[in-house]
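This is start-v1.cif. It holds mmCIF, C-alpha atoms and all ligand atoms.
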```
data_work
#
loop_
_atom_site.label_atom_id
_atom_site.label_comp_id
_atom_site.auth_asym_id
_atom_site.auth_seq_id
_atom_site.Cartn_x
_atom_site.Cartn_y
_atom_site.Cartn_z
CA MET A 1 1.73 41.87 -0.84
CA ASP A 2 -0.24 39.81 -3.33
CA VAL A 3 0.42 36.17 -3.95
CA LYS A 4 2.22 36.65 -7.18
CA ILE A 5 1.48 34.12 -9.87
CA THR A 6 4.33 34.14 -12.32
CA PRO A 7 2.99 33.38 -15.77
CA PRO A 8 5.21 31.22 -17.94
CA SER A 9 5.78 34.17 -20.22
CA GLU A 10 7.75 35.78 -17.40
CA PRO A 11 10.69 33.42 -17.22
CA PHE A 12 12.94 35.39 -14.93
CA PRO A 13 11.90 37.67 -12.11
CA GLY A 14 12.94 41.27 -12.44
CA THR A 15 12.79 44.08 -14.93
CA VAL A 16 15.12 44.83 -17.77
CA HIS A 17 16.29 48.41 -18.21
CA PRO A 18 17.28 48.72 -21.83
CA THR A 19 20.64 50.34 -22.44
CA ASP A 20 22.78 50.63 -25.50
CA GLY A 21 23.81 47.20 -26.73
CA GLY A 22 21.71 45.18 -24.29
CA GLY A 23 20.11 45.85 -20.95
CA VAL A 24 20.50 45.81 -17.20
CA LEU A 25 18.45 43.37 -15.24
CA VAL A 26 17.17 44.64 -11.94
CA SER A 27 15.86 42.11 -9.47
CA SER A 28 16.05 41.19 -5.82
CA LEU A 29 18.19 38.32 -4.68
CA ASP A 30 15.29 36.67 -2.86
CA GLU A 31 13.22 36.58 -5.98
CA VAL A 32 16.03 35.10 -8.01
CA ILE A 33 16.66 32.45 -5.39
CA ASN A 34 12.99 31.52 -5.20
CA TRP A 35 12.80 31.41 -8.97
CA ALA A 36 15.79 29.11 -9.14
CA ARG A 37 14.46 26.90 -6.38
CA SER A 38 11.03 26.58 -7.90
CA ASN A 39 12.40 25.50 -11.25
CA SER A 40 14.59 22.73 -9.96
CA LEU A 41 12.65 20.63 -7.49
CA TRP A 42 13.96 17.13 -7.19
CA PRO A 43 11.36 14.74 -5.89
CA LEU A 44 12.15 11.90 -3.55
CA VAL A 45 11.41 8.40 -4.81
CA PHE A 46 8.59 7.68 -2.43
CA GLY A 47 5.47 5.77 -3.38
CA THR A 48 3.54 3.72 -0.85
CA SER A 49 0.64 2.42 -2.94
CA CYS A 50 -1.60 2.86 -5.97
CA CYS A 51 -1.10 6.64 -6.29
CA ALA A 52 2.57 5.92 -6.95
CA ILE A 53 1.60 4.33 -10.26
CA GLU A 54 -0.01 7.59 -11.28
CA MET A 55 3.04 9.50 -10.09
CA MET A 56 5.24 7.26 -12.23
CA SER A 57 3.06 7.91 -15.21
CA THR A 58 3.34 11.64 -14.52
CA ALA A 59 7.09 11.21 -14.57
CA ALA A 60 7.11 9.08 -17.70
CA ALA A 61 7.10 10.18 -21.31
CA LYS A 62 3.42 10.98 -21.74
CA TYR A 63 3.05 13.62 -19.01
CA ASP A 64 6.70 14.16 -18.23
CA PHE A 65 7.01 16.41 -15.20
CA SER A 66 10.61 17.11 -16.10
CA ARG A 67 9.19 19.83 -18.34
CA PHE A 68 8.65 21.77 -15.11
CA GLY A 69 11.92 20.98 -13.41
CA PHE A 70 11.04 17.82 -11.53
CA GLU A 71 13.08 15.45 -13.62
CA VAL A 72 15.63 14.09 -11.22
CA ALA A 73 13.82 11.76 -8.86
CA ARG A 74 16.27 10.97 -6.10
CA ALA A 75 16.42 7.76 -4.14
CA THR A 76 18.04 9.49 -1.19
CA PRO A 77 16.39 12.16 0.93
CA ARG A 78 19.68 14.03 1.18
CA GLN A 79 19.42 15.12 -2.43
CA ALA A 80 15.68 15.67 -2.63
CA ASP A 81 13.74 18.92 -2.36
CA VAL A 82 10.17 17.74 -2.50
CA ILE A 83 8.47 14.64 -1.22
CA ILE A 84 5.36 13.56 -3.10
CA ILE A 85 3.43 11.39 -0.68
CA ALA A 86 1.96 9.07 -3.26
CA GLY A 87 -0.12 6.59 -1.39
CA THR A 88 -1.46 5.32 1.88
CA ILE A 89 0.61 6.02 4.99
CA VAL A 90 0.18 3.24 7.52
CA ASN A 91 1.16 3.48 11.17
CA LYS A 92 4.22 1.38 10.54
CA MET A 93 5.36 3.67 7.71
CA ALA A 94 4.79 6.88 9.67
CA PRO A 95 8.14 6.92 11.52
CA VAL A 96 9.92 6.18 8.24
CA LEU A 97 8.22 9.08 6.52
CA LYS A 98 9.10 11.36 9.40
CA ARG A 99 12.72 10.30 9.28
CA LEU A 100 12.96 10.76 5.51
CA PHE A 101 11.51 14.22 5.87
CA ASP A 102 13.95 15.06 8.65
CA GLN A 103 16.85 13.88 6.50
CA MET A 104 15.96 16.17 3.62
CA PRO A 105 17.95 19.40 3.51
CA ASP A 106 16.08 22.69 3.80
CA PRO A 107 14.24 24.11 1.96
CA LYS A 108 11.94 21.13 1.62
CA TYR A 109 8.40 20.82 0.39
CA VAL A 110 5.67 18.23 0.69
CA ILE A 111 2.83 17.36 -1.66
CA ALA A 112 0.08 15.10 -0.34
CA MET A 113 -1.13 13.21 -3.37
CA GLY A 114 -4.55 11.59 -3.28
CA ALA A 115 -7.24 10.91 -0.73
CA CYS A 116 -5.08 8.60 1.39
CA ALA A 117 -2.28 11.08 1.94
CA THR A 118 -4.78 13.89 2.51
CA SER A 119 -7.11 12.25 4.99
CA GLY A 120 -6.83 8.46 5.02
CA GLY A 121 -9.30 8.44 2.13
CA PRO A 122 -10.98 5.07 1.54
CA PHE A 123 -9.32 3.81 4.70
CA PHE A 124 -10.73 6.49 6.97
CA TYR A 125 -13.29 4.24 8.64
CA ASN A 126 -12.82 0.87 10.32
CA THR A 127 -9.08 0.56 9.81
CA TYR A 128 -6.56 -0.13 12.48
CA SER A 129 -3.50 0.57 10.38
CA VAL A 130 -3.85 3.76 8.35
CA VAL A 131 -2.78 7.26 9.37
CA LYS A 132 -5.71 9.62 8.76
CA GLY A 133 -3.77 12.11 6.71
CA ALA A 134 -0.03 12.53 6.26
CA ASP A 135 -0.21 16.00 7.80
CA HIS A 136 -0.41 14.28 11.18
CA ILE A 137 3.25 13.46 10.63
CA ILE A 138 4.86 16.15 8.48
CA PRO A 139 3.67 19.56 7.28
CA VAL A 140 2.08 19.49 3.83
CA ASP A 141 2.32 22.32 1.29
CA VAL A 142 -0.08 21.22 -1.41
CA TYR A 143 -2.94 18.73 -1.29
CA VAL A 144 -4.28 16.96 -4.36
CA ALA A 145 -7.75 15.44 -4.35
CA GLY A 146 -8.53 12.21 -6.14
CA CYS A 147 -8.26 8.48 -5.78
CA PRO A 148 -5.91 8.44 -7.56
CA PRO A 149 -5.51 11.97 -8.91
CA ARG A 150 -5.01 12.17 -12.66
CA PRO A 151 -1.51 13.06 -13.82
CA GLU A 152 -2.86 16.47 -14.84
CA ALA A 153 -3.95 17.03 -11.24
CA LEU A 154 -0.50 16.16 -9.96
CA LEU A 155 1.06 18.49 -12.53
CA HIS A 156 -1.28 21.20 -11.32
CA ALA A 157 -0.16 20.55 -7.77
CA LEU A 158 3.48 20.74 -8.80
CA ILE A 159 2.90 24.03 -10.59
CA THR A 160 0.96 25.33 -7.60
CA LEU A 161 3.93 24.46 -5.42
CA GLN A 162 6.21 26.36 -7.77
CA GLU A 163 3.94 29.39 -7.58
CA LYS A 164 3.91 29.12 -3.85
CA ILE A 165 7.70 29.13 -3.77
CA LYS A 166 7.96 32.00 -6.22
CA SER A 167 5.57 34.08 -4.18
CA GLY A 168 8.06 33.82 -1.34
CA LEU A 169 5.39 33.69 1.31
CA THR A 170 5.03 31.37 4.26
CA ARG A 171 1.97 29.25 4.71
CA ASP A 172 0.52 31.65 7.28
CA GLN A 173 1.11 34.62 5.03
CA ILE A 174 -0.66 32.86 2.18
CA ARG A 175 -3.56 32.01 4.44
CA GLY A 176 -3.74 35.68 5.50
CA GLU A 177 -3.67 36.78 1.87
CA MET A 178 -6.48 34.42 0.98
CA LYS A 179 -8.57 35.61 3.90
CA ALA A 180 -7.94 39.22 2.90
CA HIS A 181 -9.22 38.42 -0.58
CA GLY A 182 -12.24 36.68 0.84
CA ASN A 183 -11.61 33.11 -0.26
CA MET R 1 -7.98 -34.69 -16.91
CA GLY R 2 -11.10 -32.52 -17.27
CA THR R 3 -12.75 -30.83 -14.30
CA GLU R 4 -15.59 -33.38 -14.12
CA GLU R 5 -13.14 -36.23 -14.13
CA LEU R 6 -11.00 -34.50 -11.54
CA ILE R 7 -13.97 -34.04 -9.23
CA GLN R 8 -14.94 -37.70 -9.63
CA SER R 9 -11.50 -39.05 -8.95
CA ILE R 10 -11.09 -36.86 -5.85
CA GLN R 11 -14.53 -37.87 -4.63
CA SER R 12 -13.61 -41.52 -4.98
CA MET R 13 -10.41 -40.91 -3.02
CA PHE R 14 -12.28 -39.22 -0.18
CA PRO R 15 -15.79 -40.67 -0.06
CA ASP R 16 -16.60 -38.90 3.25
CA ALA R 17 -15.71 -35.43 2.05
CA SER R 18 -17.97 -33.30 -0.13
CA ILE R 19 -16.67 -31.86 -3.37
CA ASN R 20 -18.51 -29.40 -5.58
CA MET R 21 -17.71 -27.01 -8.36
CA GLY R 22 -17.23 -23.53 -6.93
CA ASN R 23 -17.07 -20.28 -8.88
CA ASN R 24 -13.61 -20.94 -10.28
CA PHE R 25 -12.26 -24.13 -8.77
CA PRO R 26 -13.59 -27.44 -7.48
CA GLU R 27 -14.03 -27.13 -3.72
CA LEU R 28 -13.34 -29.96 -1.35
CA VAL R 29 -14.68 -29.58 2.20
CA ILE R 30 -12.93 -31.74 4.77
CA GLU R 31 -12.65 -32.24 8.50
CA LYS R 32 -9.75 -30.31 9.98
CA ASP R 33 -8.15 -33.40 11.53
CA SER R 34 -7.79 -35.06 8.14
CA LEU R 35 -6.02 -32.09 6.58
CA LEU R 36 -2.53 -33.49 6.51
CA SER R 37 -3.50 -36.90 5.20
CA VAL R 38 -5.68 -35.32 2.49
CA LEU R 39 -2.91 -32.97 1.40
CA ASN R 40 -0.41 -35.78 1.46
CA GLN R 41 -2.55 -38.02 -0.75
CA LEU R 42 -3.35 -35.22 -3.19
CA LYS R 43 0.32 -34.42 -3.47
CA SER R 44 1.65 -37.94 -3.84
CA GLU R 45 -1.07 -39.42 -6.07
CA PRO R 46 0.66 -39.43 -9.49
CA THR R 47 -2.49 -38.73 -11.52
CA LEU R 48 -3.28 -35.64 -9.44
CA ALA R 49 0.16 -34.34 -8.41
CA PHE R 50 -0.99 -31.25 -6.53
CA ASP R 51 2.52 -30.01 -5.90
CA TYR R 52 1.97 -26.30 -5.48
CA LEU R 53 0.05 -24.43 -2.78
CA PHE R 54 -0.56 -21.09 -4.43
CA CYS R 55 -2.70 -19.50 -1.76
CA GLU R 56 -3.60 -20.17 1.82
CA THR R 57 -5.96 -17.93 3.71
CA CYS R 58 -8.68 -17.75 6.30
CA VAL R 59 -12.21 -16.34 6.48
CA ASP R 60 -13.95 -15.16 9.62
CA TRP R 61 -17.67 -16.06 9.52
CA LYS R 62 -18.21 -14.90 13.13
CA SER R 63 -19.64 -18.31 14.11
CA HIS R 64 -16.53 -20.10 12.91
CA LEU R 65 -13.37 -19.62 10.86
CA THR R 66 -12.74 -21.30 7.52
CA MET R 67 -9.26 -22.18 6.34
CA VAL R 68 -8.91 -22.11 2.55
CA TYR R 69 -6.11 -23.83 0.65
CA HIS R 70 -5.64 -23.32 -3.09
CA LEU R 71 -3.71 -26.12 -4.74
CA ASP R 72 -2.29 -26.30 -8.22
CA SER R 73 -0.59 -29.03 -10.17
CA THR R 74 2.33 -27.70 -12.14
CA ARG R 75 2.32 -30.89 -14.19
CA PHE R 76 -1.39 -31.11 -15.13
CA ARG R 77 -2.37 -27.46 -14.56
CA HIS R 78 -5.50 -28.30 -12.61
CA ASN R 79 -6.54 -26.59 -9.40
CA LEU R 80 -8.40 -27.47 -6.27
CA VAL R 81 -9.67 -25.55 -3.27
CA ILE R 82 -9.74 -27.23 0.12
CA LYS R 83 -11.88 -25.77 2.88
CA THR R 84 -12.10 -26.72 6.48
CA ASN R 85 -13.89 -25.11 9.40
CA LEU R 86 -12.26 -24.12 12.65
CA ASP R 87 -13.69 -23.22 15.99
CA ALA R 88 -13.82 -19.43 16.47
CA GLN R 89 -12.79 -19.49 20.13
CA ALA R 90 -9.64 -21.57 19.92
CA PRO R 91 -8.77 -22.03 16.24
CA GLU R 92 -6.12 -24.70 15.80
CA ILE R 93 -4.97 -26.73 12.82
CA GLU R 94 -1.97 -28.73 11.71
CA SER R 95 0.56 -26.71 9.77
CA ALA R 96 0.89 -27.58 6.09
CA CYS R 97 4.44 -26.28 5.89
CA HIS R 98 6.09 -29.69 6.01
CA LEU R 99 4.33 -30.58 2.76
CA TYR R 100 4.45 -27.13 1.15
CA ARG R 101 7.25 -24.84 2.31
CA THR R 102 5.36 -21.78 1.07
CA ALA R 103 2.78 -22.37 3.80
CA GLU R 104 5.32 -21.21 6.34
CA LEU R 105 4.88 -17.52 5.51
CA HIS R 106 1.16 -17.80 4.74
CA GLU R 107 0.56 -19.38 8.09
CA ARG R 108 2.53 -16.74 9.93
CA GLU R 109 0.36 -14.12 8.25
CA ILE R 110 -2.85 -15.97 9.11
CA PHE R 111 -1.64 -16.33 12.68
CA ASP R 112 -0.86 -12.63 12.77
CA LEU R 113 -4.17 -11.40 11.38
CA PHE R 114 -6.64 -14.13 12.39
CA GLY R 115 -4.99 -15.77 15.39
CA VAL R 116 -5.16 -19.31 14.04
CA LYS R 117 -2.69 -21.52 15.86
CA PHE R 118 -0.76 -23.81 13.52
CA LEU R 119 0.50 -26.93 15.23
CA ASN R 120 4.05 -28.03 14.45
CA HIS R 121 4.88 -24.80 12.67
CA PRO R 122 8.66 -24.18 13.00
CA HIS R 123 8.42 -20.58 14.18
CA LEU R 124 4.94 -19.24 14.55
CA ARG R 125 5.23 -15.54 15.30
CA ARG R 126 3.88 -12.29 13.94
CA ILE R 127 5.04 -11.28 10.48
CA LEU R 128 3.36 -7.98 9.56
CA LEU R 129 2.38 -6.40 12.85
CA THR R 130 4.72 -5.49 15.65
CA ASP R 131 5.62 -8.23 18.10
CA ASP R 132 3.80 -6.58 20.99
CA TRP R 133 0.53 -6.15 19.08
CA LYS R 134 -2.61 -7.17 20.97
CA GLY R 135 -5.32 -9.06 19.10
CA HIS R 136 -5.78 -10.14 15.52
CA PRO R 137 -7.10 -7.32 13.32
CA LEU R 138 -8.86 -9.28 10.58
CA ARG R 139 -11.16 -10.94 13.10
CA LYS R 140 -14.64 -9.44 12.90
CA ASP R 141 -14.75 -8.81 16.63
CA TYR R 142 -11.44 -6.91 16.63
CA ASP R 143 -11.64 -3.48 18.14
CA ASP R 144 -9.08 -0.71 18.38
CA PRO R 145 -10.66 2.35 19.98
CA ILE R 146 -7.59 4.51 19.40
CA ASN R 147 -6.93 4.01 15.71
CA MET R 148 -10.29 2.92 14.42
CA ILE R 149 -13.08 5.33 13.49
CA LYS R 150 -16.24 3.26 13.38
CA LEU R 151 -18.83 3.81 10.70
S1 LIG A 201 -5.89 7.75 -2.75
FE1 LIG A 201 -6.75 5.97 -3.80
S2 LIG A 201 -5.32 5.59 -5.47
FE2 LIG A 201 -4.26 6.89 -3.99
S3 LIG A 201 -3.18 5.51 -2.63
FE3 LIG A 201 -5.16 5.91 -1.71
S4 LIG A 201 -6.47 4.25 -2.41
FE4 LIG A 201 -4.68 4.31 -3.75
#
```
Translate this structure into structure tokens?
Ligand code: SF4
Amino acid sequence: MDVKITPPSEPFPGTVHPTDGGGVLVSSLDEVINWARSNSLWPLVFGTSCCAIEMMSTAAAKYDFSRFGFEVARATPRQADVIIIAGTIVNKMAPVLKRLFDQMPDPKYVIAMGACATSGGPFFYNTYSVVKGADHIIPVDVYVAGCPPRPEALLHALITLQEKIKSGLTRDQIRGEMKAHGN
Amino acid sequence: MGTEELIQSIQSMFPDASINMGNNFPELVIEKDSLLSVLNQLKSEPTLAFDYLFCETCVDWKSHLTMVYHLDSTRFRHNLVIKTNLDAQAPEIESACHLYRTAELHEREIFDLFGVKFLNHPHLRRILLTDDWKGHPLRKDYDDPINMIKL
């Protein structure tokens, strides 16, 4: 199965069989569920340093990620679907991040925003306090490069996450797909 | 009072100390034992009225440590930096927190990260790092083979 990229012109998964006075929509339940999930991802309010400023600007009027279904940032992990790790994770924060992730209900997704969350970034060398990548603590779905990434880059990551959810594949399946296509 | 005038009047108060214009503020270098009396005079002298300690920090020069105090007068809006050198092996200095309450937290942080011992501080213990932390990470000779990747 291909990783299916749903273009915006295809708003609802499935095919319409035209009949008199309307049509019958044929789809699979999985696809509908994934479609619904991907279009309503509530991020957790979680910003640990400078990248959080960029995340806030992505949320604010100019870039406005609510256009893609991310509008309701939640201050409690129990109501959040996606955690955008916006900033440096230090050793003292690591258990907190793990607990927040554990408290989120399934299905849950993680975006590592910026160099710090991806690898430790500018704090990779000669630091006693920084975790060298948030994926040492929780599994990450999408990584964004940059220090900090531009709001466009974060939007791209959010859309990539949506595509990933819509494709309905696990991480290993996606990796297999990419290998099969030689990239 | 202009900066020149300020420098002159402080110099005349402390003839033994050296005072020069730094990059942003006049810098007064003193002996560490005279810290409290210098701070006290600067605070109580009505024409100076340095009543606000807006920053207190430490620098590790490997050979010695330097304590840096930034003072401000909320009445006259003039500033002053006070520097004093400490021994790197057993750094010790009187706490300024009985003159400036804000020093209490600054000094706990400096103790935590540089290991400077502040005498007569009401409760000198770590503030940022965990209580069982070994060493003082902002010292140049600090090493942590587990967490640190050396470049
Ligand atoms: S990646 Fe850069 S901008 Fe983002 S938190 Fe780290 S240092 Fe700050």
query: Using all atoms listed in the file, which residues sit within 9 Å of Glu107 of chain R once same-chain residues fewer than 4 positions away are excluded, as a ChimeraX atom specification?
result: /R:56-57,95-97,102-103,111-112,116-118,121,124
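Rounded to one decimal, atom CA of Tyr125 of chain A and atom CA of Met148 of chain R lie 6.6 Å from each other.
The smallest atom-to-atom distance between ligand LIG 201 (chain A) and any of A:Asn126, A:Thr76, A:Thr170, A:Thr88, using only C-alpha atoms and all ligand atoms, is found for A:Thr88.
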Excluding Trp133 of chain R and any residue of its chain fewer than 5 positions from it, enumerate the residues within 12 Å of it, using all atoms listed in the file, and give them as an mmCIF file with C-alpha atoms, in the frame of the given file.
```
data_model
loop_
_atom_site.group_PDB
_atom_site.id
_atom_site.type_symbol
_atom_site.label_atom_id
_atom_site.label_comp_id
_atom_site.auth_asym_id
_atom_site.auth_seq_id
_atom_site.Cartn_x
_atom_site.Cartn_y
_atom_site.Cartn_z
ATOM 1 C CA LYS A 92 4.220 1.380 10.540
ATOM 2 C CA TYR A 128 -6.560 -0.130 12.480
ATOM 3 C CA SER A 129 -3.500 0.570 10.380
ATOM 4 C CA ASP R 112 -0.860 -12.630 12.770
ATOM 5 C CA LEU R 113 -4.170 -11.400 11.380
ATOM 6 C CA GLY R 115 -4.990 -15.770 15.390
ATOM 7 C CA ARG R 125 5.230 -15.540 15.300
ATOM 8 C CA ARG R 126 3.880 -12.290 13.940
ATOM 9 C CA ILE R 127 5.040 -11.280 10.480
ATOM 10 C CA LEU R 128 3.360 -7.980 9.560
ATOM 11 C CA ASP R 144 -9.080 -0.710 18.380
#
```
Could you list the residues in chain R lying within 10 Å of chain A, using only C-alpha atoms, and format the result as a PDB file with C-alpha atoms, in the frame of the given file?
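Dumped everything to result.pdb:
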```
ATOM      1  CA  LEU R 128       3.360  -7.980   9.560  1.00  0.00           C
ATOM      2  CA  LEU R 129       2.380  -6.400  12.850  1.00  0.00           C
ATOM      3  CA  THR R 130       4.720  -5.490  15.650  1.00  0.00           C
ATOM      4  CA  PRO R 137      -7.100  -7.320  13.320  1.00  0.00           C
ATOM      5  CA  LEU R 138      -8.860  -9.280  10.580  1.00  0.00           C
ATOM      6  CA  TYR R 142     -11.440  -6.910  16.630  1.00  0.00           C
ATOM      7  CA  ASP R 143     -11.640  -3.480  18.140  1.00  0.00           C
ATOM      8  CA  ASP R 144      -9.080  -0.710  18.380  1.00  0.00           C
ATOM      9  CA  PRO R 145     -10.660   2.350  19.980  1.00  0.00           C
ATOM     10  CA  ILE R 146      -7.590   4.510  19.400  1.00  0.00           C
ATOM     11  CA  ASN R 147      -6.930   4.010  15.710  1.00  0.00           C
ATOM     12  CA  MET R 148     -10.290   2.920  14.420  1.00  0.00           C
ATOM     13  CA  ILE R 149     -13.080   5.330  13.490  1.00  0.00           C
ATOM     14  CA  LYS R 150     -16.240   3.260  13.380  1.00  0.00           C
ATOM     15  CA  LEU R 151     -18.830   3.810  10.700  1.00  0.00           C
TER      16      LEU R 151
END
```
field: 9 Å contact set for segment 11-26 of chain R, all atoms listed in the file, chain neighbours under 6 positions out, as a PyMOL selection string
entry: chain R and resi 3-4+38+41+70+78-82
Print the selection's residues with C-alpha atoms to a file, as a compact mmCIF listing (two decimals), in the coordinates of the input.
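Writing done, so here's selection24.txt:
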```txt
# COMPACT_ATOMS: atom_id res chain seq x y z
CA THR R 3 -12.75 -30.83 -14.30
CA GLU R 4 -15.59 -33.38 -14.12
CA VAL R 38 -5.68 -35.32 2.49
CA GLN R 41 -2.55 -38.02 -0.75
CA HIS R 70 -5.64 -23.32 -3.09
CA HIS R 78 -5.50 -28.30 -12.61
CA ASN R 79 -6.54 -26.59 -9.40
CA LEU R 80 -8.40 -27.47 -6.27
CA VAL R 81 -9.67 -25.55 -3.27
CA ILE R 82 -9.74 -27.23 0.12
```
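Take atom CA of Glu31 of chain A and atom CA of Pro13 of chain A: the distance between them is 6.4 Å.
Near ligand LIG 201 (chain A), the residues found within 7 Å are A:Ser49, A:Cys50, A:Cys51, A:Ala86, A:Gly87, A:Thr88, A:Gly114, A:Ala115, A:Cys116, A:Ala117, A:Gly121, A:Pro122, A:Gly146, A:Cys147, A:Pro148 (criterion computed using all atoms listed in the file).
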message: Applying 10 Å and only C-alpha atoms, which residues near Gln89 of chain R remain after dropping the ones on its own chain fewer than 2 positions away? List them as a PyMOL selection string.
response: chain R and resi 62-65+86-87+91-92+115-116
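In this model, the gap between atom CA of Thr48 of chain A and atom CA of Ile111 of chain A comes to 13.7 Å.
With only C-alpha atoms taken into account, the protein and nucleic acid residues at most 7 Å from Asp81 of chain A (excluding it and anything under 4 positions from it in its own chain) are Leu41, Trp42, Pro43, Met104, Pro107, Lys108 and Tyr109 of chain A.
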Would you compute an axis-aligned box for segment 16-22 of chain R, covering every atom listed for it in the file with 4 Å of margin on each side, and report centre and edge lengths in Å to one decimal as JSON?
```
{"center_x": -17.1, "center_y": -31.2, "center_z": -2.6, "size_x": 10.8, "size_y": 23.4, "size_z": 19.6}
```
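Among the candidates A:Leu100, A:Val26, A:Val140, A:Ile89, the residue lying nearest to Leu161 of chain A is A:Val140 (atoms considered: all atoms listed in the file).
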task: Could you tell me which of R:Leu119, R:Phe76, R:Ile110, R:Ala88 comes closest to Leu35 of chain R if we count only C-alpha atoms?
output: R:Leu119
message: Between A:Ile174, A:Leu154, A:Ala94, A:Val24, which residue has the minimum interatomic distance to Met56 of chain A, considering all atoms listed in the file?
response: A:Leu154
